[in-house]
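Asks: Sharing a structure with you now.
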2 protein chains.
Amino acid sequence: MATASFDADVTRIMLGVNESSIKGYPHASISSKSAFDWTLNKIIRSNTAGFKLLFLHVQVPDEDGFDEVDSIYASPEDFRDASRKDKINGSHLLEYFVKRSHELGVACEAWIKKGDPKEVICHEVKRVQPDLLVMGNRGLGPFQRVFVGTVSEFCVKHCECPVVTIKRSVDETPQDPVDD
Amino acid sequence: MATASFDADVTRIMLGVNESSIKGYPHASISSKSAFDWTLNKIIRSNTAGFKLLFLHVQVPDEDGFDEVDSIYASPEDFRDASRKDKINGSHLLEYFVKRSHELGVACEAWIKKGDPKEVICHEVKRVQPDLLVMGNRGLGPFQRVFVGTVSEFCVKHCECPVVTIKRSVDETPQDPVDD
């Protein structure tokens, strides 16, 4: 594969990143930031030239409908606006990670895909063949997990590359631990 | 914890290592070597001063009895000899990893514990608090896994630190994939 052989001399780490689920907080999720910080501080360290970061954000189309409950799609323009808004949100998220990587001198690439996050991440791993996939994880107990599912558990089982999941630290857990 | 704060400035990676299960092949298992090589090539790279490797070998007392089928324990001396033999085997295994680390200039520590590998590894993670646990994995399918179990799956679920499992490459798989 062209990408893989071209970058053969650096370690390519893919990070699955998403937005916070906390209402009115339009930033990277706490667990995405934790996964990014862990990768920088514990793996890349001072060896910025030895690594390349690949940021993947998967947008769920309409998700459960609650976010879009006030939107009425009456014309093709409405769909165009909605998808432009989605793109702006996604780009805003990726901008945070790309900006910080550039400040630190770590090469990176970032892109957005639509679909079911767990399926899309595994598909992108197969396509891009990173050396490691780093995923954030809310560190929920089994009871909470039943209701929210976890993308990272699926990826650990099914992705065709080594996967490490990084839990949020306890002092970063929001009031409702299901939030992120 | 004393160890953790003393080493706060390096990334401490624990590797669970074991011996090959192939008869007459008294060396590190294929998956242990794969996990070690992956850690060196993909994570540590040229930054040898930024990392410390912690090799843990867990010896299973008597395991399923097949290895010791010719040994008869008739006196306390027999037990002493057996445990000395175990120690020699374990040290021989750890010597391989320690020697290679020293050749490359990577700081390391290595030790042997007795017990159920999955339980002991999780216990040692709790005690030593590494930044990452790297485990080898035979990459068996679900059918083969039912019969042999996997220590790494247990550790991913239960260890109190990020865990990554590294599969053997396809061309390193022995004739019987359950061997390692």
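Each chain in the structure tokens gets a letter, A, B, ..., in the order shown, and its residues are numbered from 1; ligands are numbered from 1 in order too.
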Using only C-alpha atoms, find which residues of chain A lie within 12 Å of chain B and jot them down as a ChimeraX atom specification.

Replies: /A:8-13,34-35,38-52,130-137,139,141-142,152-153,156-169

Asks: Contacts of stretch 174-180 of chain A at 7 Å or less, counting only C-alpha atoms, minus same-chain residues fewer than 2 places along, as number ranges by chain?

Replies: A: 20-22, 29-31, 138, 172

Asks: Using C-alpha atoms, can you write the selected residues to a file as a tab-separated table (two decimals), in the first residue's frame?

Replies:
chain	number	residue	atom	x	y	z
A	20	SER	CA	-17.95	16.12	23.87
A	21	SER	CA	-21.45	14.89	24.62
A	22	ILE	CA	-21.87	17.56	27.31
A	29	SER	CA	-14.45	14.91	24.38
A	30	ILE	CA	-12.57	14.48	27.64
A	31	SER	CA	-11.56	10.94	26.69
A	138	ARG	CA	-14.91	6.78	29.60
A	172	GLU	CA	-11.83	14.56	34.86

Asks: Contacts of B:Val120 at 12 Å or less, counting only C-alpha atoms, minus same-chain residues fewer than 4 places along, as a PyMOL selection string?

Replies: chain B and resi 16+56-60+112-116+124-128+151+154-155+158-159

Asks: Quick one: everything within 10 Å of stretch 91-100 of chain A, counting only C-alpha atoms, minus sequence neighbours fewer than 6 positions away in the same chain. Send it as a PDB file with C-alpha atoms, in the first residue's frame.

Replies:
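Final file, selection06.pdb:
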ATOM      1  CA  LEU A  15      -6.488   8.322  17.119  1.00  0.00           C
ATOM      2  CA  VAL A  17     -11.520  11.400  18.231  1.00  0.00           C
ATOM      3  CA  ASN A  18     -15.005  12.694  18.904  1.00  0.00           C
ATOM      4  CA  GLU A  19     -16.807  15.692  20.318  1.00  0.00           C
ATOM      5  CA  SER A  20     -17.948  16.123  23.874  1.00  0.00           C
ATOM      6  CA  PRO A  26     -18.581  22.131  21.598  1.00  0.00           C
ATOM      7  CA  HIS A  27     -15.098  20.734  22.098  1.00  0.00           C
ATOM      8  CA  ALA A  28     -13.160  17.503  21.917  1.00  0.00           C
ATOM      9  CA  SER A  29     -14.445  14.908  24.376  1.00  0.00           C
ATOM     10  CA  SER A  32     -10.316  12.011  23.226  1.00  0.00           C
ATOM     11  CA  LYS A  33      -8.103  14.619  24.875  1.00  0.00           C
ATOM     12  CA  PHE A  36      -4.128  12.432  22.744  1.00  0.00           C
ATOM     13  CA  LEU A  53      -0.550  11.069  14.086  1.00  0.00           C
ATOM     14  CA  LEU A  54      -3.654  10.163  12.092  1.00  0.00           C
ATOM     15  CA  PHE A  55      -6.819  11.743  13.512  1.00  0.00           C
ATOM     16  CA  LEU A  56     -10.076  10.160  12.464  1.00  0.00           C
ATOM     17  CA  HIS A  57     -13.413  11.675  13.408  1.00  0.00           C
ATOM     18  CA  LYS A  85     -22.806  22.572   9.727  1.00  0.00           C
ATOM     19  CA  VAL A 106       4.505  16.190  15.224  1.00  0.00           C
ATOM     20  CA  ALA A 107       3.450  15.376  11.662  1.00  0.00           C
ATOM     21  CA  CYS A 108      -0.244  14.597  11.341  1.00  0.00           C
ATOM     22  CA  GLU A 109      -3.212  14.016   9.066  1.00  0.00           C
ATOM     23  CA  ALA A 110      -6.871  14.370   9.970  1.00  0.00           C
ATOM     24  CA  TRP A 111     -10.078  13.404   8.221  1.00  0.00           C
ATOM     25  CA  ILE A 112     -13.809  12.980   8.738  1.00  0.00           C
TER      26      ILE A 112
END

Asks: Quick check for you: according to DSSP on this backbone, which residues of stretch 23-57 of chain A are classed as helix (DSSP H, G or I)? Reply as number ranges by chain.

Replies: A: 30-44, 48-50
